[in-house]
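What follows is the content of my_file.cif, which has mmCIF, C-alpha atoms:
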```cif
data_run
#
loop_
_atom_site.label_atom_id
_atom_site.label_comp_id
_atom_site.auth_asym_id
_atom_site.auth_seq_id
_atom_site.Cartn_x
_atom_site.Cartn_y
_atom_site.Cartn_z
CA MET A 1 0.93 69.60 11.95
CA LYS A 2 2.85 66.78 13.66
CA ALA A 3 1.46 63.27 13.18
CA VAL A 4 0.01 61.64 16.27
CA THR A 5 0.91 58.01 17.04
CA ILE A 6 -1.78 55.96 18.76
CA PHE A 7 -0.83 52.90 20.84
CA ILE A 8 -3.58 50.38 21.54
CA SER A 9 -3.00 47.26 23.61
CA ILE A 10 -5.75 44.62 23.71
CA LEU A 11 -4.93 41.97 26.33
CA TYR A 12 -8.31 40.27 26.49
CA ALA A 13 -11.03 38.89 24.25
CA THR A 14 -13.00 41.43 22.30
CA SER A 15 -15.71 41.32 19.64
CA VAL A 16 -16.19 43.85 16.85
CA TYR A 17 -19.25 43.74 14.59
CA SER A 18 -18.52 46.68 12.32
CA GLN A 19 -15.45 47.67 10.34
CA THR A 20 -12.07 47.64 12.14
CA THR A 21 -9.53 50.06 10.69
CA ILE A 22 -5.98 50.67 11.94
CA ALA A 23 -4.68 53.98 10.61
CA PRO A 24 -1.13 54.47 9.31
CA GLY A 25 1.35 55.09 12.14
CA SER A 26 -0.88 53.58 14.83
CA GLU A 27 0.79 51.20 17.25
CA VAL A 28 -1.45 48.25 18.04
CA LYS A 29 -0.70 45.09 20.00
CA VAL A 30 -3.30 42.36 20.42
CA LYS A 31 -2.74 39.57 22.90
CA GLY A 32 -5.86 37.46 23.09
CA VAL A 33 -8.94 36.97 20.93
CA LEU A 34 -10.14 39.53 18.42
CA SER A 35 -13.45 38.45 16.93
CA SER A 36 -14.80 40.50 14.03
CA GLY A 37 -17.92 40.31 11.94
CA GLY A 38 -16.95 43.20 9.67
CA LEU A 39 -14.01 44.40 7.61
CA VAL A 40 -10.54 44.27 9.18
CA ILE A 41 -8.18 46.77 7.53
CA ASN A 42 -4.65 47.48 8.69
CA GLY A 43 -2.78 50.47 7.27
CA SER A 44 0.05 50.57 9.82
CA ASP A 45 3.47 48.93 9.91
CA LYS A 46 3.51 49.08 13.73
CA VAL A 47 0.95 46.36 14.48
CA ASP A 48 1.77 43.27 16.58
CA LEU A 49 -0.67 40.36 16.26
CA SER A 50 1.86 37.61 16.95
CA GLU A 51 0.00 36.51 20.09
CA ALA A 52 -3.50 37.11 18.76
CA LEU A 53 -6.30 34.81 17.71
CA ILE A 54 -8.26 36.53 14.93
CA SER A 55 -11.74 35.12 14.38
CA LEU A 56 -13.69 36.18 11.28
CA THR A 57 -17.38 35.57 12.02
CA GLY A 58 -19.18 37.65 9.40
CA SER A 59 -20.90 36.23 6.34
CA ASN A 60 -18.63 38.10 3.90
CA GLN A 61 -15.48 39.92 5.00
CA THR A 62 -12.14 41.33 3.90
CA LEU A 63 -8.96 40.90 5.92
CA SER A 64 -6.46 43.43 4.62
CA THR A 65 -2.99 44.67 5.53
CA THR A 66 -0.50 46.97 3.81
CA SER A 67 2.44 45.47 5.74
CA PRO A 68 3.14 41.75 6.34
CA LEU A 69 1.48 40.53 9.54
CA THR A 70 1.92 37.45 11.72
CA VAL A 71 -0.95 36.04 13.79
CA GLU A 72 -0.99 33.09 16.15
CA THR A 73 -4.33 31.69 15.01
CA LEU A 74 -6.81 32.59 12.29
CA VAL A 75 -10.35 31.24 12.51
CA ILE A 76 -12.69 31.23 9.51
CA ASP A 77 -16.31 31.04 10.66
CA GLY A 78 -19.74 32.50 9.89
CA GLY A 79 -19.96 31.32 6.29
CA GLY A 80 -19.62 33.36 3.13
CA THR A 81 -16.33 34.45 1.58
CA LYS A 82 -13.36 35.92 3.46
CA THR A 83 -11.11 37.84 1.08
CA LEU A 84 -7.46 38.05 2.09
CA LYS A 85 -5.35 41.03 0.99
CA GLY A 86 -1.67 41.47 1.77
CA ASP A 87 0.75 38.99 3.34
CA TRP A 88 -0.32 36.99 6.40
CA THR A 89 1.57 34.33 8.36
CA VAL A 90 -0.25 32.01 10.78
CA THR A 91 2.08 30.34 13.30
CA ASN A 92 -0.20 28.14 15.40
CA ASN A 93 -3.40 27.11 13.64
CA LEU A 94 -5.56 27.99 10.67
CA THR A 95 -9.03 26.85 11.70
CA LEU A 96 -11.52 26.41 8.87
CA THR A 97 -14.96 26.05 10.44
CA LYS A 98 -17.43 27.62 8.01
CA GLY A 99 -16.67 29.88 5.06
CA ILE A 100 -14.31 30.14 2.11
CA LEU A 101 -10.98 31.93 2.51
CA THR A 102 -9.82 33.34 -0.82
CA THR A 103 -6.18 34.31 -1.28
CA LEU A 104 -6.44 35.44 -4.91
CA THR A 105 -5.36 38.98 -3.95
CA GLY A 106 -3.16 38.10 -0.97
CA LYS A 107 -0.80 35.50 0.48
CA ILE A 108 -1.24 33.25 3.47
CA LEU A 109 1.52 31.12 4.97
CA TYR A 110 0.84 28.50 7.63
CA SER A 111 3.91 27.45 9.63
CA GLY A 112 2.32 25.55 12.51
CA SER A 113 3.00 21.88 13.26
CA ALA A 114 -0.63 20.80 13.71
CA ALA A 115 -2.20 19.31 10.58
CA LEU A 116 -4.79 21.50 8.90
CA SER A 117 -8.27 20.26 8.07
CA GLY A 118 -11.11 21.45 5.89
CA THR A 119 -14.56 20.49 4.66
CA THR A 120 -16.76 21.10 1.67
CA ASP A 121 -18.10 24.12 3.64
CA SER A 122 -14.73 25.62 4.53
CA TYR A 123 -11.47 25.65 2.58
CA VAL A 124 -8.93 27.96 0.92
CA THR A 125 -9.20 29.09 -2.69
CA GLY A 126 -6.09 30.39 -4.40
CA LEU A 127 -2.59 29.62 -3.14
CA LEU A 128 -2.11 28.17 0.33
CA HIS A 129 1.51 28.20 1.49
CA GLN A 130 2.90 25.98 4.22
CA ARG A 131 6.28 25.61 5.88
CA GLY A 132 7.39 22.53 7.79
CA THR A 133 8.44 18.90 7.42
CA GLY A 134 6.47 15.66 7.32
CA THR A 135 2.95 15.41 5.96
CA ARG A 136 1.45 18.78 5.00
CA PHE A 137 -2.29 18.68 4.32
CA TYR A 138 -3.71 21.41 2.07
CA PRO A 139 -7.49 22.01 2.57
CA ILE A 140 -7.89 23.86 -0.71
CA GLY A 141 -10.47 24.22 -3.44
CA ALA A 142 -11.32 26.19 -6.54
CA GLY A 143 -14.60 28.06 -6.81
CA SER A 144 -17.29 25.88 -5.30
CA THR A 145 -15.23 22.68 -5.61
CA TYR A 146 -13.41 21.24 -2.60
CA MET A 147 -10.24 19.46 -3.78
CA PRO A 148 -7.71 19.00 -0.96
CA MET A 149 -4.36 17.25 -1.27
CA SER A 150 -1.32 16.48 0.84
CA LEU A 151 2.44 16.33 0.43
CA ASN A 152 3.67 13.27 2.29
CA GLY A 153 7.16 13.32 3.76
CA VAL A 154 8.36 16.86 3.05
CA GLN A 155 12.03 17.09 4.04
CA GLU A 156 12.75 20.78 3.60
CA GLY A 157 11.43 22.70 6.61
CA ASN A 158 13.00 26.02 5.65
CA ILE A 159 11.05 26.73 2.44
CA ASP A 160 7.47 27.74 1.75
CA ILE A 161 5.52 25.36 -0.47
CA GLY A 162 2.41 26.77 -2.07
CA VAL A 163 -0.35 24.66 -3.61
CA GLN A 164 -3.32 25.80 -5.69
CA GLY A 165 -6.17 23.79 -7.18
CA PHE A 166 -7.77 24.29 -10.60
CA THR A 167 -11.09 22.96 -11.91
CA SER A 168 -9.93 22.59 -15.50
CA GLY A 169 -7.89 19.77 -16.97
CA ALA A 170 -4.20 19.99 -17.76
CA ASN A 171 -3.28 19.53 -21.43
CA LEU A 172 -0.70 16.75 -21.21
CA THR A 173 0.87 14.24 -23.60
CA LEU A 174 -0.03 10.78 -22.34
CA PRO A 175 2.39 7.83 -22.23
CA LEU A 176 1.37 4.35 -23.29
CA ASP A 177 0.32 3.30 -19.80
CA LEU A 178 -2.30 6.05 -19.36
CA SER A 179 -5.62 6.14 -21.19
CA ALA A 180 -6.82 9.49 -19.81
CA ILE A 181 -6.32 12.15 -17.14
CA ALA A 182 -8.84 14.15 -15.15
CA SER A 183 -10.62 16.77 -17.24
CA ASN A 184 -11.93 18.76 -14.27
CA ARG A 185 -9.01 19.15 -11.87
CA TYR A 186 -5.31 19.57 -11.39
CA TRP A 187 -2.99 20.98 -8.72
CA GLU A 188 0.09 23.19 -9.00
CA VAL A 189 2.92 23.04 -6.44
CA THR A 190 5.17 26.13 -6.11
CA PRO A 191 8.09 25.83 -3.64
CA SER A 192 10.02 28.96 -2.73
CA GLY A 193 13.39 27.17 -2.83
CA THR A 194 15.08 23.87 -3.55
CA TYR A 195 12.55 21.07 -3.06
CA SER A 196 13.46 17.38 -3.31
CA GLY A 197 9.84 16.25 -3.71
CA SER A 198 7.62 13.92 -1.73
CA GLY A 199 4.80 11.46 -2.04
CA VAL A 200 1.40 13.03 -2.72
CA SER A 201 -2.26 12.25 -2.05
CA LEU A 202 -4.93 13.74 -4.32
CA TYR A 203 -8.62 13.99 -3.50
CA VAL A 204 -11.25 12.25 -5.54
CA PRO A 205 -14.84 11.99 -4.21
CA GLY A 206 -15.72 8.38 -3.48
CA SER A 207 -18.92 8.58 -5.52
CA SER A 208 -16.93 9.38 -8.66
CA ILE A 209 -14.64 6.35 -8.54
CA ASP A 210 -15.37 3.68 -11.12
CA ALA A 211 -14.30 0.34 -9.65
CA ALA A 212 -13.35 -0.85 -13.14
CA GLN A 213 -10.79 1.93 -13.53
CA LYS A 214 -7.42 2.07 -11.81
CA LEU A 215 -6.61 5.63 -10.78
CA VAL A 216 -3.05 6.87 -10.34
CA VAL A 217 -1.23 10.11 -9.57
CA VAL A 218 0.23 11.88 -12.60
CA GLU A 219 2.85 14.65 -12.64
CA ALA A 220 4.21 16.98 -15.32
CA ASP A 221 6.51 19.96 -15.81
CA ASP A 222 3.70 22.30 -16.88
CA ALA A 223 -0.03 22.24 -17.56
CA ASN A 224 0.11 22.83 -21.30
CA GLY A 225 1.68 20.26 -23.60
CA SER A 226 4.09 18.65 -21.14
CA ASP A 227 4.63 14.88 -20.89
CA ALA A 228 2.54 13.13 -18.25
CA ILE A 229 4.42 10.81 -15.88
CA ASN A 230 2.61 7.99 -14.08
CA LEU A 231 3.57 7.83 -10.37
CA GLY A 232 1.29 4.88 -9.65
CA GLY A 233 -1.30 5.08 -6.94
CA GLY A 234 -3.49 3.36 -4.40
CA LEU A 235 -6.89 4.36 -3.02
CA THR A 236 -7.20 5.28 0.67
CA ASP A 237 -10.58 6.69 1.67
CA ASP A 238 -11.15 9.55 -0.83
CA PHE A 239 -7.50 9.99 -1.80
CA ILE A 240 -5.22 8.46 -4.42
CA THR A 241 -1.70 8.23 -2.95
CA SER A 242 1.28 8.00 -5.28
CA PHE A 243 3.64 5.01 -5.17
CA SER A 244 6.59 7.16 -6.26
CA PRO A 245 7.58 10.64 -4.99
CA SER A 246 6.63 13.68 -7.04
CA THR A 247 9.24 16.27 -8.00
CA LYS A 248 7.32 18.23 -10.66
CA PRO A 249 4.87 21.14 -10.19
CA ILE A 250 1.76 19.86 -11.99
CA LEU A 251 -0.27 17.05 -10.40
CA THR A 252 -3.46 15.39 -11.56
CA LEU A 253 -5.28 12.06 -11.61
CA GLY A 254 -4.92 9.53 -14.41
CA ILE A 255 -6.56 6.32 -15.56
CA VAL A 256 -4.23 3.42 -16.25
CA GLU A 257 -4.43 1.95 -19.72
CA THR A 258 -5.43 -1.69 -19.61
CA VAL A 259 -2.97 -3.91 -21.48
CA ASP A 260 -3.90 -7.58 -21.47
CA MET A 261 -0.54 -9.25 -20.86
CA ARG A 262 -0.89 -13.03 -21.24
CA ILE A 263 1.75 -15.73 -21.01
CA MET A 264 0.71 -18.68 -23.13
CA ASP A 265 0.56 -21.72 -20.87
CA LEU A 266 1.61 -24.44 -23.32
CA ILE A 267 4.84 -25.28 -25.15
CA THR A 268 5.05 -28.31 -27.48
CA PRO A 269 8.55 -28.23 -28.97
CA PHE A 270 8.81 -31.92 -29.77
CA ASN A 271 6.21 -32.32 -32.52
CA SER A 272 6.53 -31.11 -36.09
CA ASP A 273 3.51 -28.85 -36.49
CA ASN A 274 5.47 -25.62 -35.75
CA ILE A 275 2.73 -24.54 -33.30
CA ASN A 276 3.51 -23.56 -29.70
CA ASP A 277 7.13 -24.54 -30.19
CA LYS A 278 8.49 -21.69 -28.10
CA LEU A 279 7.51 -19.37 -25.28
CA LYS A 280 4.99 -16.72 -26.34
CA ILE A 281 3.74 -13.68 -24.41
CA VAL A 282 0.76 -11.81 -25.87
CA ASN A 283 1.23 -8.01 -26.07
CA ILE A 284 4.84 -8.13 -24.88
CA GLU A 285 5.65 -5.62 -27.64
CA TYR A 286 3.77 -2.92 -25.66
CA THR A 287 6.19 -3.04 -22.75
CA PHE A 288 8.80 -0.33 -22.36
CA GLU A 289 11.10 -2.69 -20.49
CA ASN A 290 10.72 -6.29 -19.36
CA ASN A 291 12.50 -9.21 -17.78
CA VAL A 292 11.32 -12.81 -18.33
CA THR A 293 12.51 -15.77 -16.26
CA LEU A 294 11.62 -19.41 -16.87
CA LEU A 295 11.86 -21.54 -13.70
CA ASP A 296 11.64 -25.31 -13.34
CA ARG A 297 9.33 -26.89 -10.78
CA TRP A 298 11.97 -26.53 -8.04
CA GLY A 299 12.34 -22.81 -8.72
CA VAL A 300 15.69 -23.08 -10.46
CA PRO A 301 16.10 -20.62 -13.37
CA VAL A 302 16.24 -22.37 -16.71
CA ARG A 303 16.46 -19.31 -18.94
CA GLU A 304 16.25 -15.54 -18.53
CA TRP A 305 15.56 -12.89 -21.17
CA LYS A 306 16.07 -9.14 -20.87
CA ASN A 307 13.51 -7.25 -22.98
CA PHE A 308 11.97 -10.43 -24.29
CA ARG A 309 10.36 -10.42 -27.74
CA ASN A 310 8.27 -13.16 -29.26
CA PHE A 311 10.08 -15.51 -31.61
CA ASP A 312 7.36 -15.15 -34.25
CA ASP A 313 7.23 -11.33 -34.13
CA PRO A 314 6.90 -10.32 -37.80
CA THR A 315 8.95 -7.11 -37.48
CA ASN A 316 11.31 -7.69 -34.57
CA PRO A 317 11.67 -11.39 -33.77
CA ASN A 318 13.63 -12.69 -30.80
CA PRO A 319 17.17 -13.55 -31.98
CA ASP A 320 17.83 -15.96 -29.07
CA THR A 321 18.84 -19.46 -30.20
CA PHE A 322 17.66 -21.26 -27.06
CA ASP A 323 16.58 -24.83 -27.93
CA PHE A 324 13.23 -25.51 -26.25
CA THR A 325 13.53 -29.23 -27.07
CA LYS A 326 16.11 -29.42 -24.30
CA LEU A 327 13.36 -28.79 -21.76
CA SER A 328 12.12 -31.89 -19.98
CA PRO A 329 8.36 -32.44 -20.24
CA GLY A 330 6.56 -31.13 -17.16
CA ASN A 331 5.47 -27.92 -15.46
CA TYR A 332 7.45 -24.67 -15.37
CA ILE A 333 6.83 -21.17 -13.99
CA CYS A 334 7.26 -18.10 -16.17
CA VAL A 335 7.81 -14.82 -14.32
CA LEU A 336 7.28 -11.59 -16.26
CA GLU A 337 8.32 -8.22 -14.76
CA TYR A 338 7.62 -5.17 -16.90
CA THR A 339 6.86 -1.47 -17.19
CA LEU A 340 4.67 0.17 -19.84
CA SER A 341 6.61 3.45 -19.94
CA ALA A 342 9.87 4.92 -18.69
CA ASP A 343 8.29 6.31 -15.54
CA ALA A 344 5.55 3.73 -14.95
CA PRO A 345 5.63 1.51 -11.86
CA LYS A 346 6.89 -2.05 -12.36
CA GLU A 347 4.27 -4.78 -12.72
CA LYS A 348 4.62 -8.54 -12.33
CA LEU A 349 2.86 -11.57 -13.80
CA ASN A 350 3.38 -15.28 -13.01
CA GLN A 351 2.09 -18.14 -15.16
CA MET A 352 2.46 -21.92 -14.94
CA ILE A 353 3.53 -23.42 -18.28
CA SER A 354 3.21 -27.04 -19.34
CA VAL A 355 5.84 -28.48 -21.65
CA LEU A 356 4.31 -31.50 -23.42
CA LYS A 357 6.09 -34.34 -25.18
CA GLY A 358 3.35 -34.76 -27.80
CA ASN A 359 3.02 -37.66 -30.23
#
```
Taking this structure as input, can you express it in the form of structure tokens?
Amino acid sequence: MKAVTIFISILYATSVYSQTTIAPGSEVKVKGVLSSGGLVINGSDKVDLSEALISLTGSNQTLSTTSPLTVETLVIDGGGTKTLKGDWTVTNNLTLTKGILTTLTGKILYSGSAALSGTTDSYVTGLLHQRGTGTRFYPIGAGSTYMPMSLNGVQEGNIDIGVQGFTSGANLTLPLDLSAIASNRYWEVTPSGTYSGSGVSLYVPGSSIDAAQKLVVVEADDANGSDAINLGGGLTDDFITSFSPSTKPILTLGIVETVDMRIMDLITPFNSDNINDKLKIVNIEYTFENNVTLLDRWGVPVREWKNFRNFDDPTNPNPDTFDFTKLSPGNYICVLEYTLSADAPKEKLNQMISVLKGN
């Protein structure tokens, strides 16, 4: 028996409350709104949804296709879980109103220019892929946890960049400048081609921020045993935004280690008690790299040290032979610039120092 091909053209809004099935070989074109409260199953490779708005309004639904499909707009509404199967591309807007879209058995790619948005009631679990330049916001989560993020300043508009959130902690080796990383969340970025990286913003609920802790963005090569790299970070609303661009796939939040850097504010090189005879900086040995400049009261450099060490360091004393008795009594400014690890952001500390003549 010869197979029969069915052509269906929907050029207007329609609502379907039961299962929608497109049989293999059927030709279907939808131009307009197709609202469904039941299962939507496509078994044909002759379906055109490129001008369609698909609205899923049921409490729990499956959106399935055996062949890759492109839709103009996909609306998630009605609550519950919408399970995606097969490959779907959304070209205009992915509207998350109410309900969780899970892509654990399928792939969704959003290529529209409008920024996506989500809420604690509606987001994507599993991988969400996007294509385009500029800021790309990912309204994603894992399980019942909403944990969105954004890539800020994407330059490559011709590759797909997928992001997935996880509610476990990455097992990373911490540098000196980090005391801990998040134990309940990390993100994985998976570009489909060459990706130069971008700034990132990671979600942290405002109620969980301890004002005494400085949070930063951390990246790594993998989630198990890799070295953590501190990208710095500042808080904006409920997001920590990195100071440096990220180029690695694993992202998480870190807590900066507090190192009490103190420049001693007194030098007395003229007396004979061998106390405070030279410049001393407490905890300078914990810096990865530093630069110290001593300025007179007019701002003229008097002395500069690269990777300064204290002169009384018991294991690695400063070998510089600078004679502090040549300093005129008065006030000076000491400027310390330093990093605590190879990839940590640079920090700066200024301190007024008094040089006293003594008795």
Who sits within 7 Å of Thr339 (chain A), only C-alpha atoms, same chain under 4 positions skipped, as an mmCIF file with C-alpha atoms, in the coordinates of the input:
```cif
data_model
loop_
_atom_site.group_PDB
_atom_site.id
_atom_site.type_symbol
_atom_site.label_atom_id
_atom_site.label_comp_id
_atom_site.auth_asym_id
_atom_site.auth_seq_id
_atom_site.Cartn_x
_atom_site.Cartn_y
_atom_site.Cartn_z
ATOM 1 C CA THR A 287 6.190 -3.040 -22.750
ATOM 2 C CA PHE A 288 8.800 -0.330 -22.360
ATOM 3 C CA GLU A 289 11.100 -2.690 -20.490
ATOM 4 C CA ASN A 290 10.720 -6.290 -19.360
ATOM 5 C CA ALA A 344 5.550 3.730 -14.950
ATOM 6 C CA PRO A 345 5.630 1.510 -11.860
ATOM 7 C CA LYS A 346 6.890 -2.050 -12.360
ATOM 8 C CA GLU A 347 4.270 -4.780 -12.720
#
```
Could you state which residues are captured by the PyMOL selection byres ((chain A and resi 224) around 9) in this file, as a compact mmCIF listing (two decimals) with C-alpha atoms, in the coordinates of the input?
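Below is the file part_24.txt, written as the result:
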```txt
# COMPACT_ATOMS: atom_id res chain seq x y z
CA ALA A 170 -4.20 19.99 -17.76
CA ASN A 171 -3.28 19.53 -21.43
CA LEU A 172 -0.70 16.75 -21.21
CA THR A 173 0.87 14.24 -23.60
CA ASP A 221 6.51 19.96 -15.81
CA ASP A 222 3.70 22.30 -16.88
CA ALA A 223 -0.03 22.24 -17.56
CA GLY A 225 1.68 20.26 -23.60
CA SER A 226 4.09 18.65 -21.14
```
Exercise for review: Could you state which residues are captured by the PyMOL selection byres ((chain A and resi 79-83) around 10) in this file, as a list in words?
Suggested key: Leu39, Leu56, Thr57, Gly58, Ser59, Asn60, Gln61, Thr62, Leu63, Ser64, Ile76, Asp77, Gly78, Leu84, Lys85, Thr97, Lys98, Gly99, Ile100, Leu101, Thr102, Thr103, Leu104, Thr105, Gly106, Asp121, Ser122, Val124 and Thr125 of chain A
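We find CA of Gly132 (chain A) and CA of Ser111 (chain A) to be spaced 6.3 Å apart.
Remark: for Asp227 (chain A), the closest of the candidate residues A:Ser117, A:Asn307, A:Thr321, A:Ser341 is A:Ser341 (distances computed over only C-alpha atoms).
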Study note, to complete from the structure: For Ser55 (chain A), the closest of A:Gly37, A:Pro205, A:Gly169, A:Gly143 counting all atoms listed in the file is A:Gly37
**Study point:** Matched chain/residue IDs from the PyMOL selection byres ((chain A and resi 258-263) around 6), as a count of residues only
**Key:** 5
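Taking CA of Asn158 (chain A) as the reference point, CA of Tyr195 (chain A) is found at 10.0 Å.
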Practice item. With a distance cut-off of 7 Å and all atoms listed in the file, select the neighbouring residues of Leu53 (chain A), excluding the residue or stretch itself and same-chain residues fewer than 5 positions from it, and output the selection as a PyMOL selection string. Key: chain A and resi 32-34+71-74
If you keep C-alpha atoms, can you produce a file of those selected residues as a PDB file, in the coordinates of the input?
```pdb
ATOM      1  CA  GLY A  32      -5.860  37.460  23.090  1.00  0.00           C
ATOM      2  CA  VAL A  33      -8.940  36.970  20.930  1.00  0.00           C
ATOM      3  CA  LEU A  34     -10.140  39.530  18.420  1.00  0.00           C
ATOM      4  CA  VAL A  71      -0.950  36.040  13.790  1.00  0.00           C
ATOM      5  CA  GLU A  72      -0.990  33.090  16.150  1.00  0.00           C
ATOM      6  CA  THR A  73      -4.330  31.690  15.010  1.00  0.00           C
ATOM      7  CA  LEU A  74      -6.810  32.590  12.290  1.00  0.00           C
TER       8      LEU A  74
END
```
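Compared by their closest atoms to Gly118 (chain A), and using all atoms listed in the file, the residues A:Leu96, A:Asn331, A:Asn276, A:Glu219 rank with A:Leu96 nearest.
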